[in-house]
Each structure stands twice: as C-alpha cells, then as structure tokens.
file input_27.tsv (TSV, C-alpha atoms and all ligand atoms)
chain	number	residue	atom	x	y	z
A	1	MET	CA	114.65	31.86	178.64
A	2	ALA	CA	115.94	34.52	181.04
A	3	ASP	CA	116.39	38.02	179.65
A	4	ARG	CA	119.87	38.85	178.39
A	5	VAL	CA	120.70	42.01	180.30
A	6	GLY	CA	122.64	45.06	179.09
A	7	PHE	CA	124.00	47.83	181.33
A	8	ILE	CA	124.94	51.30	180.07
A	9	GLY	CA	126.79	53.68	182.44
A	10	LEU	CA	129.39	52.24	184.80
A	11	GLY	CA	129.86	55.24	187.09
A	12	ILE	CA	129.82	55.34	190.89
A	13	MET	CA	126.35	53.78	190.92
A	14	GLY	CA	126.31	51.69	187.76
A	15	ARG	CA	129.46	49.70	188.43
A	16	GLY	CA	128.22	48.37	191.79
A	17	MET	CA	124.81	47.58	190.30
A	18	ALA	CA	126.36	45.77	187.31
A	19	HIS	CA	128.62	43.70	189.57
A	20	ASN	CA	125.57	42.63	191.57
A	21	LEU	CA	123.84	41.49	188.36
A	22	LEU	CA	126.88	39.35	187.51
A	23	ARG	CA	126.94	37.90	191.03
A	24	ALA	CA	123.26	37.01	190.66
A	25	GLY	CA	124.13	35.01	187.53
A	26	PHE	CA	122.71	37.25	184.78
A	27	ASP	CA	124.09	37.06	181.25
A	28	LEU	CA	125.45	40.63	181.18
A	29	THR	CA	126.72	42.92	178.41
A	30	VAL	CA	128.07	46.36	179.37
A	31	TRP	CA	128.91	49.62	177.64
A	32	ASN	CA	130.54	52.74	179.07
A	33	ARG	CA	131.59	55.93	177.26
A	34	THR	CA	135.05	55.78	178.85
A	35	ALA	CA	135.90	52.27	177.68
A	36	GLY	CA	138.53	51.54	180.35
A	37	ARG	CA	135.77	51.48	182.98
A	38	MET	CA	134.44	48.24	181.47
A	39	ASP	CA	137.66	46.31	182.19
A	40	ASP	CA	136.95	45.01	185.69
A	41	LEU	CA	133.41	43.97	184.72
A	42	VAL	CA	134.74	42.10	181.68
A	43	ALA	CA	137.30	40.44	183.96
A	44	ALA	CA	134.39	39.42	186.20
A	45	GLY	CA	132.51	37.78	183.30
A	46	ALA	CA	130.59	40.53	181.46
A	47	LYS	CA	130.75	41.04	177.67
A	48	ALA	CA	131.73	44.48	176.31
A	49	ALA	CA	129.60	46.15	173.62
A	50	ALA	CA	131.00	48.59	171.05
A	51	SER	CA	128.14	51.13	171.42
A	52	PRO	CA	124.69	51.44	173.03
A	53	ALA	CA	123.19	50.32	169.68
A	54	ASP	CA	125.45	47.23	169.59
A	55	LEU	CA	124.44	46.45	173.20
A	56	ALA	CA	120.75	46.80	172.35
A	57	SER	CA	121.11	44.38	169.40
A	58	ARG	CA	122.31	41.69	171.82
A	59	CYS	CA	120.03	42.23	174.84
A	60	ASP	CA	116.36	41.83	175.81
A	61	LEU	CA	116.49	44.07	178.88
A	62	VAL	CA	118.62	47.22	178.72
A	63	ILE	CA	119.46	49.27	181.83
A	64	THR	CA	120.76	52.84	181.69
A	65	CYS	CA	122.37	54.65	184.64
A	66	VAL	CA	124.01	57.85	183.36
A	67	SER	CA	124.15	61.38	184.73
A	68	ASP	CA	121.40	63.70	183.51
A	69	THR	CA	118.48	64.02	181.06
A	70	PRO	CA	120.60	64.92	177.97
A	71	ASP	CA	122.88	61.96	178.71
A	72	VAL	CA	120.00	59.45	178.79
A	73	GLN	CA	118.69	61.04	175.57
A	74	ALA	CA	122.17	60.66	174.02
A	75	VAL	CA	122.62	56.96	174.83
A	76	ILE	CA	119.06	56.02	173.84
A	77	LEU	CA	118.08	58.42	171.04
A	78	GLY	CA	121.45	59.78	169.82
A	79	PRO	CA	123.85	58.48	167.12
A	80	SER	CA	124.69	54.80	167.79
A	81	GLY	CA	122.05	54.95	170.52
A	82	VAL	CA	119.89	52.10	171.79
A	83	ILE	CA	116.98	53.04	169.54
A	84	GLU	CA	118.97	52.28	166.36
A	85	GLN	CA	119.08	48.54	167.09
A	86	VAL	CA	116.58	47.96	169.89
A	87	ARG	CA	114.74	44.62	169.53
A	88	ALA	CA	110.96	44.50	169.30
A	89	GLY	CA	109.71	43.28	172.67
A	90	ALA	CA	112.77	44.63	174.51
A	91	LEU	CA	112.44	46.42	177.86
A	92	LEU	CA	114.47	49.56	178.64
A	93	VAL	CA	114.91	50.34	182.35
A	94	ASP	CA	116.31	53.81	183.09
A	95	MET	CA	117.78	53.97	186.61
A	96	SER	CA	119.28	57.48	186.26
A	97	THR	CA	117.54	60.45	187.92
A	98	ILE	CA	116.16	62.57	185.07
A	99	SER	CA	113.18	64.67	183.99
A	100	PRO	CA	109.80	62.89	184.30
A	101	ALA	CA	108.53	64.68	181.16
A	102	ALA	CA	111.59	63.65	179.12
A	103	THR	CA	111.13	60.10	180.41
A	104	ARG	CA	107.63	59.95	178.92
A	105	GLU	CA	108.94	61.31	175.59
A	106	ILE	CA	111.72	58.69	175.43
A	107	ALA	CA	109.19	55.96	176.30
A	108	ALA	CA	106.98	57.10	173.40
A	109	ARG	CA	109.93	56.93	170.96
A	110	LEU	CA	110.83	53.41	172.13
A	111	ALA	CA	107.19	52.33	171.83
A	112	GLU	CA	107.34	53.18	168.10
A	113	LYS	CA	110.00	50.43	167.83
A	114	GLY	CA	107.95	47.93	169.83
A	115	ALA	CA	110.03	48.33	172.99
A	116	SER	CA	108.69	49.29	176.42
A	117	MET	CA	110.24	51.37	179.18
A	118	LEU	CA	110.31	51.64	182.97
A	119	ASP	CA	111.75	54.55	184.93
A	120	ALA	CA	113.41	53.16	188.04
A	121	PRO	CA	115.54	55.79	189.82
A	122	VAL	CA	117.24	54.77	193.03
A	123	SER	CA	118.28	56.06	196.43
A	124	GLY	CA	120.84	54.58	198.79
A	125	GLY	CA	124.06	56.01	197.35
A	126	SER	CA	127.21	54.25	196.19
A	127	GLU	CA	127.15	52.08	199.31
A	128	GLY	CA	123.64	50.83	198.51
A	129	ALA	CA	124.67	50.22	194.90
A	130	ALA	CA	127.69	48.15	195.96
A	131	LYS	CA	125.79	46.16	198.59
A	132	GLY	CA	122.64	45.60	196.52
A	133	THR	CA	120.45	47.39	199.06
A	134	LEU	CA	119.12	50.27	196.93
A	135	SER	CA	115.59	51.63	197.20
A	136	ILE	CA	114.11	51.53	193.68
A	137	MET	CA	111.10	53.69	192.72
A	138	VAL	CA	109.48	52.22	189.62
A	139	GLY	CA	107.12	53.81	187.10
A	140	GLY	CA	105.53	51.90	184.21
A	141	ALA	CA	103.25	49.00	183.30
A	142	ALA	CA	102.73	46.23	185.88
A	143	ALA	CA	103.73	43.45	183.43
A	144	ASP	CA	107.04	45.22	182.72
A	145	VAL	CA	107.70	45.67	186.45
A	146	GLU	CA	107.10	41.94	186.95
A	147	ARG	CA	109.50	41.14	184.10
A	148	ALA	CA	112.23	43.38	185.57
A	149	MET	CA	111.71	42.20	189.16
A	150	PRO	CA	114.53	39.57	189.24
A	151	VAL	CA	116.92	42.26	187.99
A	152	PHE	CA	115.68	44.78	190.58
A	153	GLN	CA	116.01	42.19	193.35
A	154	ALA	CA	119.67	41.67	192.45
A	155	MET	CA	120.34	45.41	192.93
A	156	GLY	CA	117.91	46.61	195.58
A	157	LYS	CA	116.07	45.84	198.77
A	158	THR	CA	113.00	48.10	198.70
A	159	ILE	CA	111.33	47.96	195.29
A	160	THR	CA	108.13	50.00	194.99
A	161	HIS	CA	105.95	50.19	191.90
A	162	VAL	CA	104.65	53.74	192.38
A	163	GLY	CA	102.61	54.36	189.18
A	164	GLY	CA	102.81	54.84	185.42
A	165	GLN	CA	105.72	55.99	183.22
A	166	GLY	CA	107.44	59.05	184.72
A	167	ASP	CA	106.03	58.48	188.22
A	168	GLY	CA	109.20	56.74	189.41
A	169	GLN	CA	111.09	59.96	188.56
A	170	MET	CA	108.39	62.05	190.25
A	171	VAL	CA	108.72	60.06	193.49
A	172	LYS	CA	112.52	60.37	193.31
A	173	LEU	CA	112.07	64.16	193.13
A	174	VAL	CA	109.77	64.00	196.18
A	175	ASN	CA	112.67	62.19	197.88
A	176	GLN	CA	115.09	64.95	196.86
A	177	ILE	CA	112.81	67.78	198.06
A	178	LEU	CA	112.79	66.06	201.47
A	179	VAL	CA	116.56	65.51	201.43
A	180	VAL	CA	117.49	69.14	200.73
A	181	GLY	CA	114.89	70.48	203.17
A	182	ASN	CA	116.42	68.28	205.84
A	183	ALA	CA	119.89	69.50	204.89
A	184	LEU	CA	118.88	73.16	205.23
A	185	ALA	CA	117.14	72.59	208.59
A	186	MET	CA	120.23	70.79	209.91
A	187	SER	CA	122.53	73.54	208.62
A	188	GLU	CA	120.55	76.36	210.26
A	189	ALA	CA	120.30	74.42	213.54
A	190	LEU	CA	124.05	73.74	213.70
A	191	LEU	CA	124.90	77.35	212.78
A	192	PHE	CA	122.62	78.53	215.59
A	193	ALA	CA	124.22	76.07	218.04
A	194	GLN	CA	127.71	77.24	217.08
A	195	ALA	CA	126.82	80.94	217.39
A	196	GLY	CA	125.31	80.19	220.81
A	197	GLY	CA	128.55	78.60	222.00
A	198	LEU	CA	127.02	75.15	222.51
A	199	ASP	CA	128.92	71.86	222.66
A	200	LEU	CA	128.13	70.55	219.15
A	201	PRO	CA	128.52	66.76	219.64
A	202	LYS	CA	126.40	66.96	222.83
A	203	THR	CA	123.78	69.08	221.05
A	204	ILE	CA	123.44	66.51	218.24
A	205	GLU	CA	123.30	63.69	220.79
A	206	ALA	CA	120.57	65.48	222.77
A	207	VAL	CA	118.22	66.08	219.82
A	208	ALA	CA	118.92	63.19	217.44
A	209	GLY	CA	116.70	60.66	219.23
A	210	GLY	CA	113.58	62.86	219.42
A	211	ALA	CA	111.16	64.41	216.96
A	212	ALA	CA	113.98	66.52	215.45
A	213	GLY	CA	116.08	63.49	214.58
A	214	SER	CA	116.71	62.57	210.94
A	215	TRP	CA	118.98	60.40	208.78
A	216	MET	CA	120.62	63.65	207.61
A	217	LEU	CA	121.41	64.85	211.14
A	218	ALA	CA	122.62	61.44	212.36
A	219	ASN	CA	124.89	60.82	209.35
A	220	ARG	CA	125.93	64.21	208.04
A	221	GLY	CA	125.78	66.27	211.27
A	222	PRO	CA	128.94	64.64	212.70
A	223	GLN	CA	130.66	65.05	209.30
A	224	ILE	CA	129.88	68.79	209.33
A	225	ILE	CA	131.16	69.48	212.82
A	226	HIS	CA	134.40	67.65	211.96
A	227	ARG	CA	134.69	69.60	208.67
A	228	ASP	CA	134.59	66.39	206.59
A	229	TRP	CA	133.23	67.27	203.15
A	230	ARG	CA	133.76	63.90	201.44
A	231	PRO	CA	130.68	63.20	199.32
A	232	GLY	CA	128.13	60.50	199.78
A	233	PHE	CA	126.27	62.52	197.14
A	234	THR	CA	127.91	65.51	195.44
A	235	ILE	CA	126.62	69.08	195.34
A	236	ASP	CA	126.67	68.87	191.51
A	237	LEU	CA	124.30	65.88	191.41
A	238	GLN	CA	122.17	67.32	194.21
A	239	GLN	CA	121.89	70.61	192.33
A	240	LYS	CA	120.82	68.68	189.22
A	241	ASP	CA	118.05	66.90	191.15
A	242	VAL	CA	116.78	70.15	192.72
A	243	ARG	CA	116.73	71.71	189.25
A	244	LEU	CA	114.64	68.76	187.98
A	245	ALA	CA	112.23	69.17	190.92
A	246	LEU	CA	111.82	72.91	190.27
A	247	ALA	CA	111.28	72.34	186.53
A	248	ALA	CA	108.62	69.70	187.24
A	249	ALA	CA	106.95	71.99	189.83
A	250	ASP	CA	106.94	74.79	187.26
A	251	GLU	CA	105.20	72.51	184.75
A	252	LEU	CA	102.63	71.70	187.46
A	253	GLY	CA	102.21	75.42	188.28
A	254	ILE	CA	103.08	75.10	191.97
A	255	PRO	CA	105.57	77.18	193.98
A	256	LEU	CA	108.35	75.43	195.93
A	257	MET	CA	109.85	78.39	197.78
A	258	GLY	CA	112.14	76.55	200.19
A	259	THR	CA	113.47	74.26	197.47
A	260	ALA	CA	114.14	77.26	195.20
A	261	LEU	CA	116.12	78.95	197.98
A	262	ILE	CA	118.24	75.83	198.44
A	263	PHE	CA	118.76	75.61	194.64
A	264	ASN	CA	120.34	79.06	194.76
A	265	LEU	CA	122.47	78.31	197.82
A	266	TYR	CA	123.87	75.25	196.02
A	267	ARG	CA	124.39	77.37	192.90
A	268	ALA	CA	126.48	79.82	194.97
A	269	LEU	CA	128.65	76.96	196.24
A	270	GLN	CA	129.10	75.62	192.68
A	271	ALA	CA	130.24	79.10	191.63
A	272	GLU	CA	132.94	78.83	194.31
A	273	GLY	CA	134.13	75.55	192.79
A	274	LEU	CA	132.68	73.33	195.53
A	275	GLY	CA	130.46	71.15	193.28
A	276	GLY	CA	132.47	68.02	194.07
A	277	GLU	CA	131.92	68.27	197.83
A	278	GLY	CA	129.19	66.41	199.68
A	279	ASN	CA	125.66	67.87	199.72
A	280	HIS	CA	126.02	68.58	203.48
A	281	ALA	CA	128.53	71.32	202.52
A	282	LEU	CA	125.32	73.37	202.07
A	283	ILE	CA	126.18	74.76	205.51
A	284	LYS	CA	129.13	76.62	203.93
A	285	ALA	CA	126.65	78.93	202.17
A	286	LEU	CA	125.16	79.89	205.56
A	287	GLU	CA	128.63	80.27	207.06
A	288	ARG	CA	129.51	82.79	204.35
A	289	LEU	CA	126.38	84.81	205.16
A	290	SER	CA	126.96	84.83	208.91
A	291	GLY	CA	130.74	84.82	209.33
A	292	VAL	CA	130.34	81.86	211.72
A	293	GLU	CA	132.28	78.61	211.20
A	294	VAL	CA	130.66	75.46	212.54
A	295	LYS	CA	133.32	73.25	214.11
A	296	ALA	CA	133.50	70.94	217.13
A	297	GLY	CA	135.84	72.44	219.75
B	301	LIG	P1	128.86	59.19	187.84
B	301	LIG	O1	129.74	58.40	188.75
B	301	LIG	O2	129.21	60.59	187.51
B	301	LIG	O3	128.73	58.32	186.48
B	301	LIG	C1	128.03	58.81	185.39
B	301	LIG	C2	128.00	57.74	184.31
B	301	LIG	O4	127.27	58.24	183.20
B	301	LIG	C3	129.40	57.36	183.77
B	301	LIG	O5	129.38	56.01	183.41
B	301	LIG	C4	129.50	58.28	182.54
B	301	LIG	O6	130.41	57.80	181.58
B	301	LIG	C5	128.10	58.20	182.03
B	301	LIG	N1	127.72	59.30	181.16
B	301	LIG	C6	127.47	60.60	181.53
B	301	LIG	N2	127.13	61.34	180.47
B	301	LIG	C7	127.15	60.51	179.40
B	301	LIG	C8	126.88	60.68	178.02
B	301	LIG	N3	126.51	61.89	177.53
B	301	LIG	N4	127.01	59.63	177.22
B	301	LIG	C9	127.39	58.43	177.70
B	301	LIG	N5	127.65	58.17	179.01
B	301	LIG	C10	127.53	59.22	179.84
B	301	LIG	O7	127.35	59.25	188.38
B	301	LIG	P2	126.61	58.26	189.37
B	301	LIG	O8	126.84	58.72	190.78
B	301	LIG	O9	126.90	56.85	188.99
B	301	LIG	O10	125.07	58.65	189.03
B	301	LIG	C11	124.36	58.07	187.96
B	301	LIG	C12	122.88	58.43	188.13
B	301	LIG	O11	122.41	57.88	189.37
B	301	LIG	C13	122.61	59.94	188.16
B	301	LIG	O12	121.40	60.23	187.50
B	301	LIG	C14	122.49	60.21	189.67
B	301	LIG	O13	121.68	61.34	189.95
B	301	LIG	C15	121.84	58.93	190.16
B	301	LIG	N6	122.06	58.66	191.58
B	301	LIG	C16	123.31	58.78	192.15
B	301	LIG	C17	123.48	58.53	193.50
B	301	LIG	C18	124.85	58.66	194.18
B	301	LIG	O14	124.90	58.62	195.41
B	301	LIG	N7	125.94	58.81	193.45
B	301	LIG	C19	122.39	58.15	194.29
B	301	LIG	C20	121.15	58.01	193.69
B	301	LIG	C21	120.99	58.28	192.34
B	301	LIG	P3	132.00	58.13	181.71
B	301	LIG	O15	132.56	57.05	182.59
B	301	LIG	O16	132.50	58.06	180.32
B	301	LIG	O17	132.13	59.51	182.31
call {"tool": "encode", "arguments": {"input": "input_27.tsv", "output": "structure tokens", "more": "lines below"}}
Ligand code: NAP
result
Amino acid sequence: MADRVGFIGLGIMGRGMAHNLLRAGFDLTVWNRTAGRMDDLVAAGAKAAASPADLASRCDLVITCVSDTPDVQAVILGPSGVIEQVRAGALLVDMSTISPAATREIAARLAEKGASMLDAPVSGGSEGAAKGTLSIMVGGAAADVERAMPVFQAMGKTITHVGGQGDGQMVKLVNQILVVGNALAMSEALLFAQAGGLDLPKTIEAVAGGAAGSWMLANRGPQIIHRDWRPGFTIDLQQKDVRLALAAADELGIPLMGTALIFNLYRALQAEGLGGEGNHALIKALERLSGVEVKAG
C-alpha cells in the first residue's frame, strides 16, 4: 500500500509542494500552525490534522517544511509534536533548511521510536515549489531515499542523494555560500559600473554571456538597476542560511571570511528594517558605504 503522506508547514514553499502531492494523487493530511492556511488544501482534497502528533498518528511518511531549526524541533520534539505519536516504521522527511548537527540529533530521537529520517532541503524558490521543479538535496539511508522517491518526484525535478543524515543540509549550505558570494560580486560590480557612469543595462548585457555571467546577475541584476526589491528569497531567510553555514564552519574549524562579511552586511540591512526585501537588496549595504545609488538612467 502507498504511504499515507502528512505535510507540516504550509508557508510560501510548503503550500505549493503540498498541492503538487495532491495533484499526484497522494493521500494527504496537512497541519499548519495558523489553521486558516489549511483551508484551500482541504478544499482541494487534503485532510486537516489537529496537531503534528495527530498527523503523525495517521501517516506513514511525514514531511516538515517550516522556517528554522527551533521550529523543526518544536513540531517534531515539542509538546503535541510528531514524536508523541509517530508510528514505528514511519519516515520523517524534513525539507526545511536547518542545522545539519540538529538534524542528526532529531534523527537519533526519532530512531528511538523506530522511525527513520531524511533531510531533504530544496532550492528553486516559491516558483519551483508551485511548479514542482525544485532541486532536492537528500541526506540519509538509500532505502529511505528510495521509499520517498515518488513523493520527491511529485515536488521536484533534480533529486540528488548526496550522503548520510545531515549531508543534505550541508550541501544546501554549500549552495547558500555560492549564492551570497555571487550576490556580493554582482553588487560590487554594479556599484563600480554606476560610479563609472556606465550604461547599466548595456553593461549587464555585455558581460552576462561570458565567464562573468551567473543566474544571480541575469535574474537579479535587472531587478537591482530598476530598484525592484520584491523578494524571490527574503533577506531574513538568507541571513538565517548564512548563519547556519557559519555555525557549521565553526564546528568544522574552518574560516569563511567572505561569507562572514556578507552575514554582517545582511545584519546591517535587517537592523534598518529591510529583512522582508529580496536578498539582492544586499547592494543597499554597499550603497550606504559609498553614497552611490545604482539605478538605470
Ligand atoms: P514561510 O513562508 O515563512 O513559512 C514558514 C512555515 O513554517 C509556515 O507554515 C509557518 O506557520 C511555519 N512555522 C514557522 N515556525 C513554526 C513553529 N515554531 N511551529 C509551527 N510552524 C511554524 O517560509 P518558506 O519560504 O515556506 O520557507 C520554509 C523553509 O524552506 C525554510 O527553511 C526556508 O529556508 C526554506 N526555503 C525557502 C525558499 C524560498 O524561496 N522561500 C527556498 C528554498 C528553501 P504559520 O503559517 O503559522 O506562520
């Protein structure tokens, strides 16, 4: 019999992912802290649970997609959490981006109840979640990955089993180190172009196709020069992921100087109340330092 699937956390990402599971025909039960956010999924055919524990009592495969490490700990280990009623033989799949070390600790607690765990963070943003085209980085045992594969295929396009428990989160943090490094390089380049009086759209056009090109420049460069700060990914979530990368690097005893600098630039923008803007608003920190505003003429 196919796994009965539960989904906890119907935010920007989770709601699109849960709708794709329904479309793929899964028997789906959902829970969200703000109950009203379950309504459209229930209207589309999902069942609503009263708590994470209630959901776990009814499901074989439980997915979590909530904000940060303490939030995953709350819905799994906290009062009325999954662990209170998790079934022996159940599989927990955490698709949030959280601490790799905390992931291994949660997995150990679930193992005491006879349940296993995969970490399966994603990239691809809200658009990828809605379209079912996410990249999914999976850590855990091969048999569990095989069991979860039909569920992953309903939500994502590139599914990579990268290693053991916690390694999915580690690879996601590799992804985030690359993303913020790209964002800083783009920001410095555009600030320099502006200060030099260059035509910004032409400058982007001239360099985007060569070795300096990147997804960040092609997608967020035009947004910056038109002063469009709508988020694909917010500064608050980006800051959280950089913090997780720095904490993991600290545990490993390695310096990440560039990433630490960017952490502090994002912190400065949060202090100004800009945490809800897109992560490309990083350039505003450099604008403050230079007195130059980057804007297409
Ligand atoms: P979001 O829109 O802010 O949604 C967060 C979800 O988590 C909501 O359902 C929220 O419930 C729930 N939640 C938070 N804290 C909770 C707690 N203590 N107890 C119970 N529920 C809690 O965030 P999102 O964009 O969907 O992101 C979810 C995860 O995916 C994050 O780890 C994020 O880093 C990762 N991610 C996001 C993106 C992106 O582009 N947005 C891309 C890749 C990965 P309420 O509705 O009650 O607030």
call {"tool": "residues_near_ligand", "arguments": {"input": "input_27.tsv", "ligand": "ligand LIG 301 (chain B)", "cutoff": "6 Å", "atoms": "all atoms listed in the file", "output": "mmCIF file with C-alpha atoms, keeping the file's coordinate frame"}}
result
data_model
loop_
_atom_site.group_PDB
_atom_site.id
_atom_site.type_symbol
_atom_site.label_atom_id
_atom_site.label_comp_id
_atom_site.auth_asym_id
_atom_site.auth_seq_id
_atom_site.Cartn_x
_atom_site.Cartn_y
_atom_site.Cartn_z
ATOM 1 C CA GLY A 9 126.790 53.680 182.440
ATOM 2 C CA LEU A 10 129.390 52.240 184.800
ATOM 3 C CA GLY A 11 129.860 55.240 187.090
ATOM 4 C CA ILE A 12 129.820 55.340 190.890
ATOM 5 C CA MET A 13 126.350 53.780 190.920
ATOM 6 C CA GLY A 14 126.310 51.690 187.760
ATOM 7 C CA ASN A 32 130.540 52.740 179.070
ATOM 8 C CA ARG A 33 131.590 55.930 177.260
ATOM 9 C CA THR A 34 135.050 55.780 178.850
ATOM 10 C CA CYS A 65 122.370 54.650 184.640
ATOM 11 C CA VAL A 66 124.010 57.850 183.360
ATOM 12 C CA SER A 67 124.150 61.380 184.730
ATOM 13 C CA ASP A 68 121.400 63.700 183.510
ATOM 14 C CA ASP A 71 122.880 61.960 178.710
ATOM 15 C CA ALA A 74 122.170 60.660 174.020
ATOM 16 C CA VAL A 75 122.620 56.960 174.830
ATOM 17 C CA SER A 96 119.280 57.480 186.260
ATOM 18 C CA THR A 97 117.540 60.450 187.920
ATOM 19 C CA VAL A 122 117.240 54.770 193.030
ATOM 20 C CA SER A 123 118.280 56.060 196.430
ATOM 21 C CA GLY A 124 120.840 54.580 198.790
ATOM 22 C CA GLY A 125 124.060 56.010 197.350
ATOM 23 C CA SER A 126 127.210 54.250 196.190
ATOM 24 C CA GLY A 232 128.130 60.500 199.780
ATOM 25 C CA PHE A 233 126.270 62.520 197.140
ATOM 26 C CA LEU A 237 124.300 65.880 191.410
#
call {"tool": "closest_residue", "arguments": {"input": "input_27.tsv", "among": "A:Asp236, A:Leu256, A:Asp119, A:Leu289", "to": "Gln270 of chain A", "atoms": "all atoms listed in the file"}}
result
A:Asp236
call {"tool": "closest_residue", "arguments": {"input": "input_27.tsv", "among": "A:Leu61, A:Val242, A:Ala212, A:Leu282", "to": "Pro150 of chain A", "atoms": "all atoms listed in the file"}}
result
A:Leu61
call {"tool": "residues_around", "arguments": {"input": "input_27.tsv", "residues": "segment 164-169 of chain A", "least_positions_apart": "5", "cutoff": "12 Å", "atoms": "all atoms listed in the file", "output": "number ranges by chain"}}
result
A: 69, 92-108, 116-123, 135-145, 159, 174-176, 241, 244-245, 248
call {"tool": "closest_residue", "arguments": {"input": "input_27.tsv", "among": "A:Asn20, A:Gln238, A:Gly278, A:Leu198", "to": "Lys172 of chain A", "atoms": "only C-alpha atoms"}}
result
A:Gln238
call {"tool": "atom_distance", "arguments": {"input": "input_27.tsv", "atom1": "atom CA of Ala24 of chain A", "atom2": "atom CA of Gly36 of chain A"}}
result
23.5 Å
call {"tool": "residues_around", "arguments": {"input": "input_27.tsv", "residues": "Pro222 of chain A", "least_positions_apart": "2", "cutoff": "12 Å", "atoms": "all atoms listed in the file", "output": "ChimeraX atom specification"}}
result
/A:186-187,190,200-205,208,215-220,224-229,280,294-296
